[in-house]
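Next up, model-v2.cif (mmCIF, C-alpha atoms and all ligand atoms):
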```
data_run
#
loop_
_atom_site.group_PDB
_atom_site.id
_atom_site.type_symbol
_atom_site.label_atom_id
_atom_site.label_comp_id
_atom_site.auth_asym_id
_atom_site.auth_seq_id
_atom_site.Cartn_x
_atom_site.Cartn_y
_atom_site.Cartn_z
ATOM 1 C CA MET W 213 0.000 0.000 0.000
ATOM 2 C CA PRO W 214 1.324 3.441 -0.779
ATOM 3 C CA LYS W 215 2.074 5.489 2.286
ATOM 4 C CA ARG W 216 -0.519 8.151 3.077
ATOM 5 C CA ARG W 217 -0.055 11.442 4.800
ATOM 6 C CA THR W 218 -2.795 13.420 6.460
ATOM 7 C CA GLY W 219 -4.217 15.798 3.922
ATOM 8 C CA ALA W 220 -2.023 14.516 1.100
ATOM 9 C CA SER W 221 -2.948 12.212 -1.731
ATOM 10 C CA PRO W 222 -1.333 8.741 -1.931
ATOM 11 C CA LEU W 223 2.256 8.736 -3.108
ATOM 12 C CA PRO W 224 2.522 8.815 -6.891
ATOM 13 C CA PRO W 225 4.188 5.749 -8.438
ATOM 14 C CA ILE W 226 7.909 5.935 -9.184
ATOM 15 C CA GLU W 227 8.112 4.858 -12.820
ATOM 16 C CA ILE W 228 11.679 5.883 -13.601
ATOM 17 C CA ALA W 229 15.072 4.728 -12.375
ATOM 18 C CA PHE W 230 17.409 7.124 -10.608
ATOM 19 C CA PRO W 231 20.816 7.084 -12.328
ATOM 20 C CA ASP W 232 24.025 6.696 -10.337
ATOM 21 C CA LEU W 233 25.773 10.049 -10.717
ATOM 22 C CA THR W 234 29.069 9.056 -9.061
ATOM 23 C CA ALA W 235 30.904 9.185 -12.401
ATOM 24 C CA HIS W 236 30.024 12.890 -12.705
ATOM 25 C CA ALA W 237 30.992 13.884 -9.148
ATOM 26 C CA SER W 238 34.448 15.282 -9.911
ATOM 27 C CA GLY W 239 33.253 17.826 -12.466
ATOM 28 C CA ASN W 240 35.880 19.264 -14.816
ATOM 29 C CA ALA W 241 35.821 22.939 -13.937
ATOM 30 C CA GLY W 242 36.659 23.036 -10.248
ATOM 31 C CA ILE W 243 33.055 22.558 -9.082
ATOM 32 C CA ALA W 244 31.691 19.139 -8.086
ATOM 33 C CA TYR W 245 28.977 17.803 -10.403
ATOM 34 C CA ALA W 246 29.495 20.639 -12.906
ATOM 35 C CA TRP W 247 30.952 20.035 -16.373
ATOM 36 C CA THR W 248 31.972 22.655 -18.919
ATOM 37 C CA PHE W 249 32.938 22.013 -22.534
ATOM 38 C CA GLU W 250 34.242 24.661 -24.886
ATOM 39 C CA SER W 251 34.033 24.506 -28.658
ATOM 40 C CA PRO W 252 36.804 26.051 -30.769
ATOM 41 C CA ARG W 253 34.020 27.973 -32.543
ATOM 42 C CA SER W 254 32.852 31.024 -30.623
ATOM 43 C CA GLY W 255 29.306 31.217 -29.330
ATOM 44 C CA PRO W 256 27.267 31.713 -26.192
ATOM 45 C CA HIS W 257 27.760 29.980 -22.853
ATOM 46 C CA VAL W 258 24.724 27.795 -22.208
ATOM 47 C CA LEU W 259 24.091 25.956 -18.956
ATOM 48 C CA VAL W 260 21.629 23.103 -18.681
ATOM 49 C CA GLN W 261 20.925 22.355 -15.047
ATOM 50 C CA ALA W 262 19.298 19.389 -13.327
ATOM 51 C CA LEU W 263 18.538 18.746 -9.653
ATOM 52 C CA THR W 264 17.859 22.285 -8.515
ATOM 53 C CA HIS W 265 15.494 20.154 -6.444
ATOM 54 C CA GLY W 266 17.020 16.842 -5.367
ATOM 55 C CA ASN W 267 14.059 14.585 -6.103
ATOM 56 C CA GLU W 268 13.341 15.993 -9.592
ATOM 57 C CA VAL W 269 15.160 13.276 -11.467
ATOM 58 C CA CYS W 270 14.124 13.870 -15.096
ATOM 59 C CA GLY W 271 16.851 16.435 -15.816
ATOM 60 C CA ALA W 272 19.476 14.248 -14.158
ATOM 61 C CA ILE W 273 18.526 11.379 -16.462
ATOM 62 C CA VAL W 274 19.102 13.603 -19.501
ATOM 63 C CA LEU W 275 22.397 15.090 -18.316
ATOM 64 C CA ASP W 276 23.694 11.697 -17.175
ATOM 65 C CA ARG W 277 23.067 10.283 -20.632
ATOM 66 C CA PHE W 278 24.506 13.274 -22.495
ATOM 67 C CA LEU W 279 27.649 13.198 -20.351
ATOM 68 C CA ARG W 280 28.106 9.440 -20.804
ATOM 69 C CA GLU W 281 27.638 9.829 -24.554
ATOM 70 C CA GLY W 282 30.222 12.613 -24.671
ATOM 71 C CA LEU W 283 27.925 15.390 -25.892
ATOM 72 C CA ARG W 284 29.979 18.433 -26.896
ATOM 73 C CA PRO W 285 28.866 21.847 -28.176
ATOM 74 C CA VAL W 286 29.413 22.585 -31.870
ATOM 75 C CA ARG W 287 30.017 26.210 -30.911
ATOM 76 C CA GLY W 288 30.303 28.249 -27.736
ATOM 77 C CA THR W 289 30.527 26.793 -24.253
ATOM 78 C CA LEU W 290 28.199 24.199 -22.799
ATOM 79 C CA SER W 291 27.921 23.551 -19.071
ATOM 80 C CA LEU W 292 25.940 20.698 -17.559
ATOM 81 C CA ALA W 293 25.354 20.821 -13.813
ATOM 82 C CA PHE W 294 23.648 18.706 -11.173
ATOM 83 C CA ALA W 295 22.845 21.396 -8.627
ATOM 84 C CA ASN W 296 21.629 19.721 -5.448
ATOM 85 C CA ALA W 297 23.424 16.398 -5.793
ATOM 86 C CA ALA W 298 23.593 16.060 -1.993
ATOM 87 C CA ALA W 299 19.795 16.055 -1.745
ATOM 88 C CA TYR W 300 19.532 13.651 -4.698
ATOM 89 C CA GLN W 301 21.756 11.161 -2.892
ATOM 90 C CA ARG W 302 19.311 11.107 0.014
ATOM 91 C CA PHE W 303 16.440 9.939 -2.165
ATOM 92 C CA ASP W 304 14.346 7.298 -0.401
ATOM 93 C CA ALA W 305 11.446 5.783 -2.327
ATOM 94 C CA ARG W 306 9.539 5.368 0.970
ATOM 95 C CA ASP W 307 9.611 9.150 1.531
ATOM 96 C CA PRO W 308 10.327 10.509 -1.942
ATOM 97 C CA PHE W 309 9.319 14.126 -1.330
ATOM 98 C CA ALA W 310 11.857 14.566 1.494
ATOM 99 C CA SER W 311 14.885 14.767 -0.803
ATOM 100 C CA ARG W 312 13.753 17.982 -2.480
ATOM 101 C CA CYS W 313 16.508 19.569 -0.408
ATOM 102 C CA VAL W 314 18.852 18.945 2.515
ATOM 103 C CA ASP W 315 18.237 22.022 4.687
ATOM 104 C CA GLU W 316 16.288 24.487 2.572
ATOM 105 C CA ASP W 317 15.039 25.145 -0.936
ATOM 106 C CA PHE W 318 18.020 25.773 -3.275
ATOM 107 C CA ASN W 319 15.679 27.733 -5.519
ATOM 108 C CA ARG W 320 14.811 30.473 -2.985
ATOM 109 C CA LEU W 321 18.299 31.855 -2.358
ATOM 110 C CA TRP W 322 19.012 33.969 -5.411
ATOM 111 C CA THR W 323 19.521 37.519 -4.176
ATOM 112 C CA SER W 324 22.874 38.950 -3.195
ATOM 113 C CA ALA W 325 21.417 39.739 0.261
ATOM 114 C CA VAL W 326 20.967 35.994 0.884
ATOM 115 C CA LEU W 327 24.024 34.756 -1.012
ATOM 116 C CA ASP W 328 26.391 37.297 0.546
ATOM 117 C CA GLY W 329 24.707 37.110 3.951
ATOM 118 C CA GLU W 330 25.738 35.324 7.129
ATOM 119 C CA ARG W 331 23.310 32.433 6.974
ATOM 120 C CA ALA W 332 24.637 28.907 6.414
ATOM 121 C CA SER W 333 22.982 25.737 5.099
ATOM 122 C CA ALA W 334 23.886 22.857 2.814
ATOM 123 C CA GLU W 335 22.065 24.605 -0.041
ATOM 124 C CA LEU W 336 23.720 27.983 0.593
ATOM 125 C CA THR W 337 27.142 26.333 0.554
ATOM 126 C CA ARG W 338 26.297 24.715 -2.774
ATOM 127 C CA ALA W 339 24.766 27.938 -4.142
ATOM 128 C CA ARG W 340 27.912 29.878 -3.245
ATOM 129 C CA GLU W 341 30.022 27.183 -4.925
ATOM 130 C CA LEU W 342 27.968 27.317 -8.140
ATOM 131 C CA ARG W 343 27.468 31.075 -8.257
ATOM 132 C CA PRO W 344 30.696 31.809 -10.200
ATOM 133 C CA LEU W 345 29.442 29.443 -12.908
ATOM 134 C CA TYR W 346 26.051 31.182 -13.118
ATOM 135 C CA ASP W 347 27.841 34.527 -13.236
ATOM 136 C CA CYS W 348 29.557 33.578 -16.473
ATOM 137 C CA VAL W 349 26.722 31.906 -18.396
ATOM 138 C CA ASP W 350 24.568 33.635 -20.958
ATOM 139 C CA TYR W 351 21.601 31.272 -21.050
ATOM 140 C CA LEU W 352 20.246 28.850 -18.466
ATOM 141 C CA LEU W 353 17.820 25.993 -18.928
ATOM 142 C CA ASP W 354 16.718 24.823 -15.476
ATOM 143 C CA LEU W 355 14.994 21.417 -15.627
ATOM 144 C CA HIS W 356 12.380 20.745 -12.966
ATOM 145 C CA SER W 357 9.349 18.576 -12.351
ATOM 146 C CA MET W 358 6.182 18.798 -10.273
ATOM 147 C CA SER W 359 4.756 17.054 -7.219
ATOM 148 C CA GLU W 360 1.432 16.297 -8.876
ATOM 149 C CA PRO W 361 0.585 15.138 -12.400
ATOM 150 C CA CYS W 362 0.201 18.227 -14.588
ATOM 151 C CA PRO W 363 0.969 19.092 -18.205
ATOM 152 C CA PRO W 364 4.523 20.476 -18.560
ATOM 153 C CA LEU W 365 4.961 24.202 -17.913
ATOM 154 C CA ALA W 366 7.537 26.765 -19.018
ATOM 155 C CA MET W 367 8.099 29.180 -16.146
ATOM 156 C CA ALA W 368 9.132 32.304 -18.025
ATOM 157 C CA GLY W 369 9.584 34.762 -15.163
ATOM 158 C CA ARG W 370 8.196 38.258 -15.337
ATOM 159 C CA GLN W 371 10.215 39.741 -18.194
ATOM 160 C CA ARG W 372 9.183 39.778 -21.820
ATOM 161 C CA LYS W 373 12.503 38.166 -22.774
ATOM 162 C CA GLY W 374 11.575 35.078 -20.731
ATOM 163 C CA VAL W 375 8.379 34.597 -22.718
ATOM 164 C CA GLU W 376 10.250 35.164 -25.978
ATOM 165 C CA LEU W 377 12.748 32.452 -25.064
ATOM 166 C CA ALA W 378 9.967 29.997 -24.172
ATOM 167 C CA GLN W 379 8.296 30.770 -27.501
ATOM 168 C CA ALA W 380 11.556 30.340 -29.388
ATOM 169 C CA ILE W 381 11.988 26.887 -27.813
ATOM 170 C CA GLY W 382 8.429 26.124 -28.937
ATOM 171 C CA MET W 383 7.546 23.838 -26.043
ATOM 172 C CA PRO W 384 5.897 23.048 -23.725
ATOM 173 C CA GLU W 385 2.401 24.129 -24.657
ATOM 174 C CA HIS W 386 1.808 26.190 -21.499
ATOM 175 C CA ILE W 387 3.996 29.193 -20.685
ATOM 176 C CA VAL W 388 3.565 30.837 -17.301
ATOM 177 C CA ILE W 389 4.460 34.501 -16.730
ATOM 178 C CA ASP W 390 5.194 34.832 -13.039
ATOM 179 C CA ASP W 391 7.378 36.556 -10.504
ATOM 180 C CA GLY W 392 8.196 33.602 -8.294
ATOM 181 C CA HIS W 393 7.617 33.108 -4.590
ATOM 182 C CA ALA W 394 7.415 35.317 -1.490
ATOM 183 C CA SER W 395 9.732 32.874 0.301
ATOM 184 C CA GLY W 396 12.763 33.727 -1.842
ATOM 185 C CA ARG W 397 14.081 34.384 -5.324
ATOM 186 C CA ARG W 398 14.542 31.592 -7.846
ATOM 187 C CA LEU W 399 17.720 30.987 -9.808
ATOM 188 C CA ARG W 400 15.816 31.670 -13.020
ATOM 189 C CA ASP W 401 15.195 35.216 -11.709
ATOM 190 C CA TYR W 402 18.764 35.736 -10.433
ATOM 191 C CA ALA W 403 20.410 39.117 -11.122
ATOM 192 C CA PHE W 404 20.812 39.681 -14.901
ATOM 193 C CA PHE W 405 18.363 36.916 -15.817
ATOM 194 C CA ASP W 406 15.625 39.208 -14.502
ATOM 195 C CA ASP W 407 17.044 42.418 -16.000
ATOM 196 C CA PRO W 408 14.976 43.417 -19.059
ATOM 197 C CA ASP W 409 17.957 45.286 -20.531
ATOM 198 C CA ASP W 410 20.364 42.365 -20.268
ATOM 199 C CA VAL W 411 20.462 39.834 -23.092
ATOM 200 C CA ARG W 412 21.267 36.955 -20.732
ATOM 201 C CA ASN W 413 18.197 34.852 -20.154
ATOM 202 C CA ALA W 414 16.846 31.833 -18.307
ATOM 203 C CA LEU W 415 14.043 29.364 -18.696
ATOM 204 C CA LEU W 416 12.686 26.972 -16.102
ATOM 205 C CA ILE W 417 10.740 24.007 -17.430
ATOM 206 C CA GLU W 418 8.505 21.847 -15.259
ATOM 207 C CA CYS W 419 8.617 18.609 -17.232
ATOM 208 C CA GLY W 420 5.648 16.782 -15.636
ATOM 209 C CA GLN W 421 5.270 14.808 -12.418
ATOM 210 C CA HIS W 422 8.608 14.020 -10.738
ATOM 211 C CA TRP W 423 8.632 10.295 -11.349
ATOM 212 C CA GLU W 424 6.333 9.681 -14.284
ATOM 213 C CA ALA W 425 7.739 7.922 -17.315
ATOM 214 C CA ALA W 426 7.029 10.844 -19.668
ATOM 215 C CA SER W 427 9.015 13.497 -17.757
ATOM 216 C CA PRO W 428 12.556 12.529 -18.896
ATOM 217 C CA GLU W 429 11.393 12.642 -22.513
ATOM 218 C CA VAL W 430 10.006 16.150 -22.018
ATOM 219 C CA ALA W 431 13.333 17.126 -20.420
ATOM 220 C CA THR W 432 15.224 15.604 -23.369
ATOM 221 C CA GLN W 433 13.167 17.418 -25.973
ATOM 222 C CA ALA W 434 13.403 20.718 -24.084
ATOM 223 C CA THR W 435 17.195 20.363 -23.847
ATOM 224 C CA LEU W 436 17.591 19.472 -27.527
ATOM 225 C CA ARG W 437 15.447 22.425 -28.581
ATOM 226 C CA PHE W 438 17.218 24.790 -26.191
ATOM 227 C CA LEU W 439 20.635 23.786 -27.552
ATOM 228 C CA ARG W 440 19.379 23.914 -31.134
ATOM 229 C CA HIS W 441 18.051 27.439 -30.570
ATOM 230 C CA PHE W 442 21.566 28.562 -29.656
ATOM 231 C CA GLY W 443 23.182 26.592 -32.475
ATOM 232 C CA MET W 444 25.124 24.401 -30.066
ATOM 233 C CA ILE W 445 24.092 20.868 -30.980
ATOM 234 C CA ASP W 446 25.123 18.620 -33.852
ATOM 235 C CA ALA W 447 22.737 17.878 -36.697
ATOM 236 C CA GLU W 448 23.086 14.083 -36.382
ATOM 237 C CA ARG W 449 21.844 14.058 -32.819
ATOM 238 C CA LEU W 450 18.924 16.322 -33.705
ATOM 239 C CA GLU W 451 18.061 14.096 -36.644
ATOM 240 C CA ARG W 452 18.144 11.056 -34.385
ATOM 241 C CA GLU W 453 16.416 12.384 -31.272
ATOM 242 C CA LEU W 454 14.303 15.456 -31.967
ATOM 243 C CA GLU W 455 10.573 14.774 -31.993
ATOM 244 C CA PRO W 456 8.188 16.996 -33.949
ATOM 245 C CA LEU W 457 6.208 19.497 -31.885
ATOM 246 C CA PRO W 458 2.499 18.846 -31.399
ATOM 247 C CA PRO W 459 0.346 21.052 -33.641
ATOM 248 C CA THR W 460 -1.225 22.835 -30.647
ATOM 249 C CA PRO W 461 0.044 26.417 -30.388
ATOM 250 C CA GLN W 462 1.625 27.541 -27.110
ATOM 251 C CA ARG W 463 -0.621 29.335 -24.630
ATOM 252 C CA LEU W 464 0.343 32.048 -22.157
ATOM 253 C CA ILE W 465 -0.901 32.142 -18.595
ATOM 254 C CA GLU W 466 -0.220 35.264 -16.585
ATOM 255 C CA VAL W 467 -0.030 34.798 -12.839
ATOM 256 C CA THR W 468 -2.351 37.258 -11.123
ATOM 257 C CA THR W 469 -1.931 36.154 -7.502
ATOM 258 C CA THR W 470 0.597 34.171 -5.505
ATOM 259 C CA VAL W 471 -1.115 32.666 -2.484
ATOM 260 C CA THR W 472 1.350 32.419 0.399
ATOM 261 C CA ILE W 473 0.402 30.246 3.377
ATOM 262 C CA ALA W 474 -0.163 32.293 6.537
ATOM 263 C CA THR W 475 -1.012 29.672 9.169
ATOM 264 C CA ASP W 476 -0.235 26.084 10.112
ATOM 265 C CA ALA W 477 -3.755 25.094 9.074
ATOM 266 C CA PHE W 478 -3.907 25.645 5.321
ATOM 267 C CA ARG W 479 -5.945 23.199 3.283
ATOM 268 C CA PHE W 480 -7.641 23.000 -0.080
ATOM 269 C CA THR W 481 -11.365 22.622 0.467
ATOM 270 C CA ARG W 482 -12.016 20.969 -2.883
ATOM 271 C CA PRO W 483 -9.970 18.619 -5.035
ATOM 272 C CA VAL W 484 -7.461 20.672 -7.002
ATOM 273 C CA ARG W 485 -5.048 19.885 -9.800
ATOM 274 C CA GLY W 486 -2.543 21.827 -11.866
ATOM 275 C CA LEU W 487 -4.010 23.907 -14.735
ATOM 276 C CA GLN W 488 -7.516 23.365 -13.426
ATOM 277 C CA SER W 489 -9.684 26.360 -14.246
ATOM 278 C CA ILE W 490 -12.309 27.646 -11.795
ATOM 279 C CA ARG W 491 -14.935 29.511 -13.687
ATOM 280 C CA ARG W 492 -16.485 31.958 -11.209
ATOM 281 C CA ALA W 493 -14.793 34.693 -9.177
ATOM 282 C CA GLY W 494 -15.483 34.301 -5.460
ATOM 283 C CA THR W 495 -15.415 30.482 -5.445
ATOM 284 C CA VAL W 496 -13.990 29.156 -2.181
ATOM 285 C CA TYR W 497 -11.204 26.667 -2.921
ATOM 286 C CA ALA W 498 -9.075 26.727 0.237
ATOM 287 C CA ALA W 499 -8.958 27.750 3.884
ATOM 288 C CA ASP W 500 -5.967 29.145 5.741
ATOM 289 C CA GLY W 501 -6.749 28.834 9.453
ATOM 290 C CA GLU W 502 -10.100 30.576 9.844
ATOM 291 C CA THR W 503 -9.862 32.453 6.554
ATOM 292 C CA GLU W 504 -11.707 31.227 3.482
ATOM 293 C CA ILE W 505 -9.782 31.715 0.268
ATOM 294 C CA ARG W 506 -11.689 32.586 -2.879
ATOM 295 C CA THR W 507 -10.815 32.933 -6.526
ATOM 296 C CA PRO W 508 -10.160 36.621 -7.278
ATOM 297 C CA HIS W 509 -11.444 36.569 -10.845
ATOM 298 C CA ASP W 510 -13.349 34.467 -13.353
ATOM 299 C CA ASN W 511 -11.594 31.657 -15.245
ATOM 300 C CA CYS W 512 -8.942 31.339 -12.592
ATOM 301 C CA VAL W 513 -6.216 28.831 -13.497
ATOM 302 C CA LEU W 514 -4.531 26.995 -10.611
ATOM 303 C CA ILE W 515 -0.795 26.630 -11.093
ATOM 304 C CA MET W 516 1.009 23.940 -9.111
ATOM 305 C CA PRO W 517 -1.151 23.692 -5.994
ATOM 306 C CA THR W 518 1.152 22.478 -3.233
ATOM 307 C CA ARG W 519 1.003 18.962 -1.977
ATOM 308 C CA ARG W 520 2.552 19.723 1.381
ATOM 309 C CA PRO W 521 1.323 23.080 2.696
ATOM 310 C CA ARG W 522 3.832 24.881 4.927
ATOM 311 C CA LYS W 523 3.519 28.296 6.526
ATOM 312 C CA GLY W 524 5.431 30.929 4.554
ATOM 313 C CA GLU W 525 5.517 28.870 1.367
ATOM 314 C CA THR W 526 3.422 29.178 -1.774
ATOM 315 C CA ALA W 527 0.095 27.333 -1.671
ATOM 316 C CA VAL W 528 -0.752 27.927 -5.311
ATOM 317 C CA ARG W 529 -0.349 30.526 -8.010
ATOM 318 C CA LEU W 530 -3.491 31.789 -9.726
ATOM 319 C CA GLY W 531 -3.504 33.011 -13.267
ATOM 320 C CA ARG W 532 -5.474 33.696 -16.391
ATOM 321 C CA TYR W 533 -4.939 32.843 -20.042
ATOM 322 C CA VAL W 534 -3.713 35.875 -21.949
ATOM 323 C CA ALA W 535 -3.011 34.150 -25.286
HETATM 324 ZN ZN ZN S 601 11.662 22.062 -8.895
#
```
Could you quickly redo this structure as structure tokens?
Amino acid sequence: MPKRRTGASPLPPIEIAFPDLTAHASGNAGIAYAWTFESPRSGPHVLVQALTHGNEVCGAIVLDRFLREGLRPVRGTLSLAFANAAAYQRFDARDPFASRCVDEDFNRLWTSAVLDGERASAELTRARELRPLYDCVDYLLDLHSMSEPCPPLAMAGRQRKGVELAQAIGMPEHIVIDDGHASGRRLRDYAFFDDPDDVRNALLIECGQHWEAASPEVATQATLRFLRHFGMIDAERLERELEPLPPTPQRLIEVTTTVTIATDAFRFTRPVRGLQSIRRAGTVYAADGETEIRTPHDNCVLIMPTRRPRKGETAVRLGRYVA
């Protein structure tokens, strides 16, 4: 029987194997689990990152394979990094959500106030180790996955350039315009990535549910298309591995509200799922302590409702289709 938690749905099945990343531990650029390859032909520096969250294995599957196969850029510089490898190594199928991080969320640390501050944690140590790499890349693809089954999402940040990059990649179908979480800044919004006047750019892709069989394929296709967009990948591999895009055009969802949990007693009061649309404004869908929470507008799209509500964290983002 799958383990149940109070207020949480049964554990989703784990359909994919977790690769052994030991062979990649040394790195080749002075940072553990980070690999950088330079082409003799000039071009941008692109970083594809997996394991920003330790239990989001789909990106690690892609990078593990590309590293084992000796993928090299045909121009520019390509870096491949497993960010929170320490959390990944703690993965336990009996408690698979626990290895999202060791001490704290790696993806909420990305302001200089936090990075240059006094605080210490496993994730801050790793963030400070990786920061020099981020500081010299031009384009970042950050591969993630979601707690609950949901169609893949491109998280484009709040700048126009983020949406343009998601559109240039052409997938996934749903692009979310958002400004992140009250609990801390994401890597995709770090410094110049969030500066509208800076050409450097980042894209976060949520490839599906963490452990569903389809997620690594979404991560593969996103990576191939990202590298193709920057002219970094060889034609033979594209010919062999690139799948055609579905005919459905991409749609844009603009986040209107980020619901941050205020009490220790947050709960959804109706079944919710990612990309579900609630038609009427004023519909109660959650309670936070004594407070009822209602949809602020018609046709309200729920983006990644949390599985494990915690005070101070994001319960759900709400948005509306804008294209
Ligand atoms: Zn994630």
9 Å from ligand ZN 601 (chain S) is the threshold here; counting all atoms listed in the file, which polymer residues fall inside it? Answer as a list in words. Leu263, Thr264, His265, Gly266, Asn267, Glu268, Arg312, Asn319, Asp354, Leu355, His356, Ser357, Met358, Ser359, Leu416, Ile417, Glu418 and His422 of chain W
Could you tell me which residues the PyMOL selection byres (((chain W and resi 395) around 9) and not hetatm) grabs in this file, written as a ChimeraX atom specification? /W:320,392-394,396-397,472,524-526
Those residues you just picked out, can you put them in a file as a PDB file, keeping the file's coordinate frame with C-alpha atoms?
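Output file selection_7.pdb follows:
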```
ATOM      1  CA  ARG W 320      14.811  30.473  -2.985  1.00  0.00           C
ATOM      2  CA  GLY W 392       8.196  33.602  -8.294  1.00  0.00           C
ATOM      3  CA  HIS W 393       7.617  33.108  -4.590  1.00  0.00           C
ATOM      4  CA  ALA W 394       7.415  35.317  -1.490  1.00  0.00           C
ATOM      5  CA  GLY W 396      12.763  33.727  -1.842  1.00  0.00           C
ATOM      6  CA  ARG W 397      14.081  34.384  -5.324  1.00  0.00           C
ATOM      7  CA  THR W 472       1.350  32.419   0.399  1.00  0.00           C
ATOM      8  CA  GLY W 524       5.431  30.929   4.554  1.00  0.00           C
ATOM      9  CA  GLU W 525       5.517  28.870   1.367  1.00  0.00           C
ATOM     10  CA  THR W 526       3.422  29.178  -1.774  1.00  0.00           C
TER      11      THR W 526
END
```
As an exercise, work out the distance from CA of Pro252 in chain W to CA of Val286 in chain W in Å and give it to one decimal place.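 Interatomic distance here is 8.2 Å.
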Of the residues W:Arg338, W:Arg449, W:Arg306, W:Arg284, which is the one nearest to Pro222 in chain W, using all atoms listed in the file?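 When distances to Pro222 in chain W are compared using all atoms listed in the file, the smallest one comes from W:Arg306.
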Can you tell me, as number ranges by chain, which residues sit within 10 Å of (19.7, 17.8, -11.0) in the file's frame, using only C-alpha atoms? W: 233, 245, 260-276, 292-300, 354-356
Name all residues at most 8 Å from Val513 in chain W (count only C-alpha atoms; drop same-chain ones fewer than 3 positions away) and give them as a ChimeraX atom specification. /W:487-490,530-533
For Glu385 in chain W, which residue among W:Leu342, W:Val411, W:Leu457, W:Ser254 is the nearest when counting all atoms listed in the file?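 Of the candidates, the smallest distance to Glu385 in chain W is held by W:Leu457.
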Quick one: of W:Ala334, W:Cys419, W:Ala403, W:Ala237, who's nearest to Asp347 in chain W, counting only C-alpha atoms?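 Checking each of W:Ala334, W:Cys419, W:Ala403, W:Ala237 against Asp347 in chain W, counting only C-alpha atoms, the winner is W:Ala403.
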Using all atoms listed in the file, collect all residues at a distance of at most 6 Å from (35.3, 27.0, -28.8) as written in the file, then present them as number ranges by chain. W: 250-254, 287-288
Can you translate the PyMOL selection byres (((chain W and resi 326) around 12) and not hetatm) into the concrete residues it hits in this file, as a ChimeraX atom specification? /W:318-325,327-333,335-337,339-340,395-398,402
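CA of Pro231 in chain W is found 26.7 Å from CA of Pro344 in chain W.
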N, CA, C and O atoms modelled onto range 293-304 of chain W, as an mmCIF file, keeping the file's coordinate frame:
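Dumped everything to out05.cif:
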```cif
data_model
loop_
_atom_site.group_PDB
_atom_site.id
_atom_site.type_symbol
_atom_site.label_atom_id
_atom_site.label_comp_id
_atom_site.auth_asym_id
_atom_site.auth_seq_id
_atom_site.Cartn_x
_atom_site.Cartn_y
_atom_site.Cartn_z
ATOM 1 N N ALA W 293 25.147 20.843 -15.268
ATOM 2 C CA ALA W 293 25.354 20.821 -13.813
ATOM 3 C C ALA W 293 24.219 20.102 -13.103
ATOM 4 O O ALA W 293 23.043 20.251 -13.454
ATOM 5 N N PHE W 294 24.608 19.322 -12.099
ATOM 6 C CA PHE W 294 23.648 18.706 -11.173
ATOM 7 C C PHE W 294 23.712 19.556 -9.903
ATOM 8 O O PHE W 294 24.678 19.465 -9.147
ATOM 9 N N ALA W 295 22.711 20.382 -9.679
ATOM 10 C CA ALA W 295 22.845 21.396 -8.627
ATOM 11 C C ALA W 295 22.833 20.774 -7.228
ATOM 12 O O ALA W 295 23.849 20.772 -6.551
ATOM 13 N N ASN W 296 21.699 20.236 -6.820
ATOM 14 C CA ASN W 296 21.629 19.721 -5.448
ATOM 15 C C ASN W 296 21.858 18.211 -5.418
ATOM 16 O O ASN W 296 20.966 17.423 -5.073
ATOM 17 N N ALA W 297 23.082 17.820 -5.769
ATOM 18 C CA ALA W 297 23.424 16.398 -5.793
ATOM 19 C C ALA W 297 23.339 15.786 -4.393
ATOM 20 O O ALA W 297 22.977 14.622 -4.234
ATOM 21 N N ALA W 298 23.637 16.583 -3.372
ATOM 22 C CA ALA W 298 23.593 16.060 -1.993
ATOM 23 C C ALA W 298 22.166 15.636 -1.625
ATOM 24 O O ALA W 298 21.957 14.582 -1.011
ATOM 25 N N ALA W 299 21.187 16.424 -2.024
ATOM 26 C CA ALA W 299 19.795 16.055 -1.745
ATOM 27 C C ALA W 299 19.404 14.824 -2.567
ATOM 28 O O ALA W 299 18.746 13.903 -2.059
ATOM 29 N N TYR W 300 19.835 14.796 -3.814
ATOM 30 C CA TYR W 300 19.532 13.651 -4.698
ATOM 31 C C TYR W 300 20.004 12.337 -4.069
ATOM 32 O O TYR W 300 19.297 11.325 -4.122
ATOM 33 N N GLN W 301 21.207 12.389 -3.478
ATOM 34 C CA GLN W 301 21.756 11.161 -2.892
ATOM 35 C C GLN W 301 20.959 10.670 -1.697
ATOM 36 O O GLN W 301 21.088 9.520 -1.286
ATOM 37 N N ARG W 302 20.139 11.524 -1.132
ATOM 38 C CA ARG W 302 19.311 11.107 0.014
ATOM 39 C C ARG W 302 17.974 10.519 -0.415
ATOM 40 O O ARG W 302 17.133 10.238 0.443
ATOM 41 N N PHE W 303 17.753 10.406 -1.714
ATOM 42 C CA PHE W 303 16.440 9.939 -2.165
ATOM 43 C C PHE W 303 16.080 8.604 -1.530
ATOM 44 O O PHE W 303 16.884 7.672 -1.490
ATOM 45 N N ASP W 304 14.854 8.527 -1.017
ATOM 46 C CA ASP W 304 14.346 7.298 -0.401
ATOM 47 C C ASP W 304 12.929 7.105 -0.937
ATOM 48 O O ASP W 304 12.045 7.935 -0.693
#
```
